[in-house]
Amino acid sequence: MTSLSLYNTRTRTKEPFTPIDPENVRAYLCGPTVYDRAHIGNARNVVIFDVLIRLLRRLYPKVTYVRNITDVDDKINVRAQERGVSIEEVTEAPINWYREDMGALYTLPPDIEPRATEHIPEIIAIIEKLILNGHAYEAEGHVLFSVASDPQYGKFSGRTPDELLAGARVDVAPYKREAGDFVLWKPSTPDLPGWESPWGRGRPGWHIECSAMSWRHLGENFDIHGGGDDLIFPHHENEIAQSCCAFPGSHFANVWVHNRMLLVNGEKMSKSLGNFLVLHEVLEKAPGEAVRFMLMRAHYRQTLDFSDAGLAEARKELDRFYRAIQLHPNARERKVPLHLVFDALLDDLNTPQAIAALHKYADLAFAGNEVGAVALKAAGELLGLFNMSPEEWLLGDGFDQVEVDRLTNLRIAARLRKDFVESDRIRDVLLKEHGVIIEDGPGGSFKLRKA
RNA sequence: GGUCCGGUGGCAGAGUGGUGAUGCAGCGGACUGCAAAUCCGUGUAUGUGGGUUCGAUUCCCGCCCGGACCUCCA
């Protein structure tokens with residue numbers, strides 16, 4: 001078996017993955033800011049990282065997977081003020097929704113799910129270090145990171161200081177020394193959430209919470225940091241600047257894994273376009289496994305168009321796999337080689353190629369070889385697929401069991417007396433009134449599946 | 001404007017310096033009472049113009065088209 005290669009945003013190349021500590025691989029994924037329902041783009045991120053974590057767990061004895069919850073932020077504050085409630089009351093439901101929705105996609109929960117509000121001491125500690133090291137300064141109650149103090153700044157996202165300056169399209173606050181300087185700590189008015197700090201009552205800026213939480217739970221240096229590619233700048237650039245300047249000699253994350261954005265029916269998802277797909281709503285119309293599968297049908301570094309047609313195809317492909325598994329209900333579990341799937345995933349998580357391998361296993365199963373079905377199930381575990389029985393997937397229980405039984409019995413009788421007009425009529429009733437397709441097998445046997 | 005990424009058959013979507021995966025859809029056939037599922041067979045697909053090479057879809061350059069990022073969006 002070859003070893004794992006990952007495309008590293010830091011070096012812009014695909015490189016072999018070498019853990020800092022093979023006994024404990026440490027990975028961090030930028031989690032949600034909790035003020036609303038998760039959207040389908042969040043789902044891609046989590047599903048892809050889930051595949052990576054599952055793969056790492058096969059390769060290494062221990063993996064520590066940290067995914068944060070950002071539960072203090074200006075958007076949250078606005079919601080709280082609008083509703084006249086605390087930020088805890090705003091964030092509670094979205095946190096639960098997020099866990100439910102991601103669970104419905106069969107993603108494994110992180111080992112540690114730290115919250116920004118529970119890491120204020122670490123945030124303050126890092127800011128103090130930055131001030132001490134001359135990388136941050138206080139101005140009008142704010143603490144700002146000084147971009148000019150960090151010669152490495154901009155390198156990660158491939159920007160020169162000039163470009164950064166030219167690109168600054170927001171109004172530059174007067175207390176900033178340079179337009180590119182960003183806030184580490186900002187003062188809170190009494191009506192806003194705040195914590196006591198050496199700079200007065202205030203709250204953290206964006207970016208600093210991830211530096212604090214990854215430091216606390218994974219250390220100054222860790223293996224993998226993931227997120228959507230829109231976070232490369234400014235979020236991750238700033239995280240790197242903060243962490244590396246706070247801890248001289250450290251390099252923060254070794255490998256940066258970024259997934260591309262998602263399109264919805266060919267357009268970028270945005271609230272103004274009205275094509276903002278809320279994951280919860282997608283899950284009301286399609287099985288979680290189909291959504292998960294669809295997100296795996298394109299390579300993670302490729303733009304993926306989330307369309308109804310694509311979702312329908314994903315379902316059909318899963319149908320085929322479940323049929324292949326169903327063909328061998330008594331297949332004995334045993335070790336089977338999964339080179340095809342492993343090799344695909346080891347090569348920078350090539351999920352489309354892994355899916356092609358799944359089809360090869362299905363071919364084998366359909367040809368009568370139960371090894372195909374065993375391999376399919378084993379590969380499914382690695383990919384987070386085939387979480388239910390074939391019967392549950394193909395038929396489910398959303399139909400009138402008693403009536404369907406009665407009709408199928410009538411049809412058996414009709415077929416026995418070769419009354420095909422009647423048996424075809426019953427088949428039609430089953431489909432049109434019960435949404436059930438009946439498939440005849442050898443010797444009068446049959447299978448049911450939902451249309 | 002700057003930086004970066006991509007353009008593969010009807011659609012989705014991989015790989016590769018040397019006869020272009022995989023799935024869906026289509027067409028023909030086998031099987032079936034008929035279907036469905038399955039199996040077999042099938043299709044002038046690598047945006048465009050140059051260059052390098054014995055040979056390019058793959059490497060290099062130009063062009064066209066599309067997309068992302070450029071301070072709080074995964």
# chains A, B, ... in the order shown; residues from 1 in each chain; ligands from 1
call {"tool": "interface_residues", "arguments": {"of": "chain B", "to": "chain A", "cutoff": "8 Å", "atoms": "only C-alpha atoms (C1' of nucleotides)", "output": "ChimeraX atom specification"}}
result
/B:2-3,12-14,21-24,33,36-38,68-74
call {"tool": "select_by_dssp", "arguments": {"residues": "range 96-330 of chain A", "states": "alpha helix (DSSP H)", "output": "PyMOL selection string"}}
result
chain A and resi 96-104+120-132+161-167+208-218+237-246+279-285+288-296+308-326
call {"tool": "closest_atom_pairs", "arguments": {"of": "range 172-240 of chain A", "to": "range 115-124 of chain A", "cutoff": "9 Å", "atoms": "only C-alpha atoms", "output": "tab-separated table"}}
result
residue	atom	partner	partner_atom	distance
A:Leu184	CA	A:Ile123	CA	8.7
A:Trp185	CA	A:Ile124	CA	8.5
A:Trp195	CA	A:Ile120	CA	7.7
A:Ser197	CA	A:Ile124	CA	7.0
A:Pro198	CA	A:Ile124	CA	8.2
A:Arg203	CA	A:Ile120	CA	8.5
A:Pro204	CA	A:Ile123	CA	7.4
A:Ile208	CA	A:Ile123	CA	6.5
A:Glu209	CA	A:Ala116	CA	5.6
A:Cys210	CA	A:Ala116	CA	7.9
A:Ser211	CA	A:Ile123	CA	7.8
A:Ala212	CA	A:Ile123	CA	5.3
A:Met213	CA	A:His119	CA	6.7
A:Trp215	CA	A:Glu122	CA	8.4
A:Arg216	CA	A:Glu122	CA	7.3
call {"tool": "select_by_dssp", "arguments": {"residues": "range 84-147 of chain A", "states": "strand (DSSP E)", "output": "number ranges by chain"}}
result
A: 136-139, 142-145
call {"tool": "write_last_selection", "arguments": {"atoms": "N, CA, C and O atoms", "output": "tab-separated table (two decimals), in the first residue's frame"}}
result
chain	number	residue	atom	x	y	z
A	136	ALA	N	1.81	43.09	18.40
A	136	ALA	CA	0.46	43.63	18.58
A	136	ALA	C	0.55	44.91	19.39
A	136	ALA	O	1.50	45.12	20.13
A	137	TYR	N	-0.44	45.76	19.22
A	137	TYR	CA	-0.44	47.04	19.94
A	137	TYR	C	-1.86	47.39	20.33
A	137	TYR	O	-2.84	46.96	19.71
A	138	GLU	N	-1.93	48.19	21.39
A	138	GLU	CA	-3.22	48.61	21.89
A	138	GLU	C	-3.53	49.99	21.34
A	138	GLU	O	-2.64	50.84	21.25
A	139	ALA	N	-4.78	50.19	20.93
A	139	ALA	CA	-5.17	51.50	20.41
A	139	ALA	C	-6.66	51.70	20.62
A	139	ALA	O	-7.47	50.90	20.15
A	142	HIS	N	-8.77	48.86	21.59
A	142	HIS	CA	-8.60	47.69	20.73
A	142	HIS	C	-7.19	47.16	20.89
A	142	HIS	O	-6.28	47.91	21.23
A	143	VAL	N	-7.02	45.88	20.59
A	143	VAL	CA	-5.67	45.37	20.40
A	143	VAL	C	-5.61	44.88	18.96
A	143	VAL	O	-6.49	44.14	18.51
A	144	LEU	N	-4.59	45.34	18.25
A	144	LEU	CA	-4.47	44.99	16.84
A	144	LEU	C	-3.18	44.23	16.56
A	144	LEU	O	-2.15	44.47	17.21
A	145	PHE	N	-3.26	43.34	15.60
A	145	PHE	CA	-2.07	42.65	15.15
A	145	PHE	C	-1.37	43.54	14.14
A	145	PHE	O	-1.99	44.06	13.22
call {"tool": "closest_residue", "arguments": {"among": "A:Ile426, A:Leu192, A:Ala375, A:Leu218", "to": "Gln81 in chain A", "atoms": "only C-alpha atoms"}}
result
A:Leu192
call {"tool": "residues_around", "arguments": {"residues": "G17 in chain B", "least_positions_apart": "2", "cutoff": "8 Å", "atoms": "only C-alpha atoms (C1' of nucleotides)", "output": "VMD selection string"}}
result
chain B and resid 55 to 56 58
call {"tool": "residues_around", "arguments": {"residues": "U53 in chain B", "least_positions_apart": "6", "cutoff": "12 Å", "atoms": "only C-alpha atoms (C1' of nucleotides)", "output": "VMD selection string"}}
result
chain B and resid 17 to 18 59 to 60
call {"tool": "residues_around", "arguments": {"residues": "range 220-223 of chain A", "least_positions_apart": "5", "cutoff": "12 Å", "atoms": "only C-alpha atoms (C1' of nucleotides)", "output": "PyMOL selection string"}}
result
chain A and resi 6+8+17-22+24-29+56+63-66+126+210-215+239-240+242-257
call {"tool": "write_last_selection", "arguments": {"atoms": "C-alpha atoms", "output": "PDB file, in the first residue's frame"}}
result
ATOM      1  CA  LEU A   6      -2.322  15.393   0.549  1.00  0.00           C
ATOM      2  CA  ASN A   8      -0.936  21.221   0.999  1.00  0.00           C
ATOM      3  CA  PHE A  17       1.880  13.037   4.725  1.00  0.00           C
ATOM      4  CA  THR A  18       4.243  12.571   7.654  1.00  0.00           C
ATOM      5  CA  PRO A  19       2.736  12.976  11.114  1.00  0.00           C
ATOM      6  CA  ILE A  20       4.624  14.878  13.792  1.00  0.00           C
ATOM      7  CA  ASP A  21       3.749  12.093  16.223  1.00  0.00           C
ATOM      8  CA  PRO A  22       2.649   8.837  14.525  1.00  0.00           C
ATOM      9  CA  ASN A  24      -1.281  10.701  17.762  1.00  0.00           C
ATOM     10  CA  VAL A  25      -2.214  12.493  14.568  1.00  0.00           C
ATOM     11  CA  ARG A  26      -3.682  15.890  15.368  1.00  0.00           C
ATOM     12  CA  ALA A  27      -6.186  17.602  13.107  1.00  0.00           C
ATOM     13  CA  TYR A  28      -8.225  20.778  13.385  1.00  0.00           C
ATOM     14  CA  LEU A  29     -11.220  21.787  11.311  1.00  0.00           C
ATOM     15  CA  LEU A  56      -6.285   8.488   9.155  1.00  0.00           C
ATOM     16  CA  VAL A  63      -6.222  10.599  15.756  1.00  0.00           C
ATOM     17  CA  THR A  64      -7.307  13.658  17.687  1.00  0.00           C
ATOM     18  CA  TYR A  65      -9.953  15.478  15.730  1.00  0.00           C
ATOM     19  CA  VAL A  66     -10.796  18.973  16.970  1.00  0.00           C
ATOM     20  CA  ILE A 126      -1.904  34.710  23.231  1.00  0.00           C
ATOM     21  CA  CYS A 210      -8.910  29.342  16.383  1.00  0.00           C
ATOM     22  CA  SER A 211      -5.333  30.091  17.390  1.00  0.00           C
ATOM     23  CA  ALA A 212      -6.330  29.746  21.033  1.00  0.00           C
ATOM     24  CA  MET A 213      -8.344  26.559  20.714  1.00  0.00           C
ATOM     25  CA  SER A 214      -5.890  24.720  18.484  1.00  0.00           C
ATOM     26  CA  TRP A 215      -3.065  25.687  20.840  1.00  0.00           C
ATOM     27  CA  GLU A 239      -4.314  32.458  12.323  1.00  0.00           C
ATOM     28  CA  ILE A 240      -0.843  31.571  11.128  1.00  0.00           C
ATOM     29  CA  GLN A 242      -0.969  35.116  15.340  1.00  0.00           C
ATOM     30  CA  SER A 243       0.139  31.645  16.308  1.00  0.00           C
ATOM     31  CA  CYS A 244       3.601  31.748  14.800  1.00  0.00           C
ATOM     32  CA  CYS A 245       4.343  35.188  16.246  1.00  0.00           C
ATOM     33  CA  ALA A 246       2.986  34.247  19.662  1.00  0.00           C
ATOM     34  CA  PHE A 247       5.119  31.109  19.755  1.00  0.00           C
ATOM     35  CA  PRO A 248       8.446  31.895  18.120  1.00  0.00           C
ATOM     36  CA  GLY A 249       9.950  28.909  16.382  1.00  0.00           C
ATOM     37  CA  SER A 250       6.606  27.197  15.894  1.00  0.00           C
ATOM     38  CA  HIS A 251       5.052  26.696  12.503  1.00  0.00           C
ATOM     39  CA  PHE A 252       1.430  26.023  13.440  1.00  0.00           C
ATOM     40  CA  ALA A 253      -0.224  23.466  11.110  1.00  0.00           C
ATOM     41  CA  ASN A 254       1.960  21.352   8.831  1.00  0.00           C
ATOM     42  CA  VAL A 255      -0.598  20.531   6.176  1.00  0.00           C
ATOM     43  CA  TRP A 256      -3.474  22.746   5.096  1.00  0.00           C
ATOM     44  CA  VAL A 257      -6.381  21.011   3.448  1.00  0.00           C
TER      45      VAL A 257
END
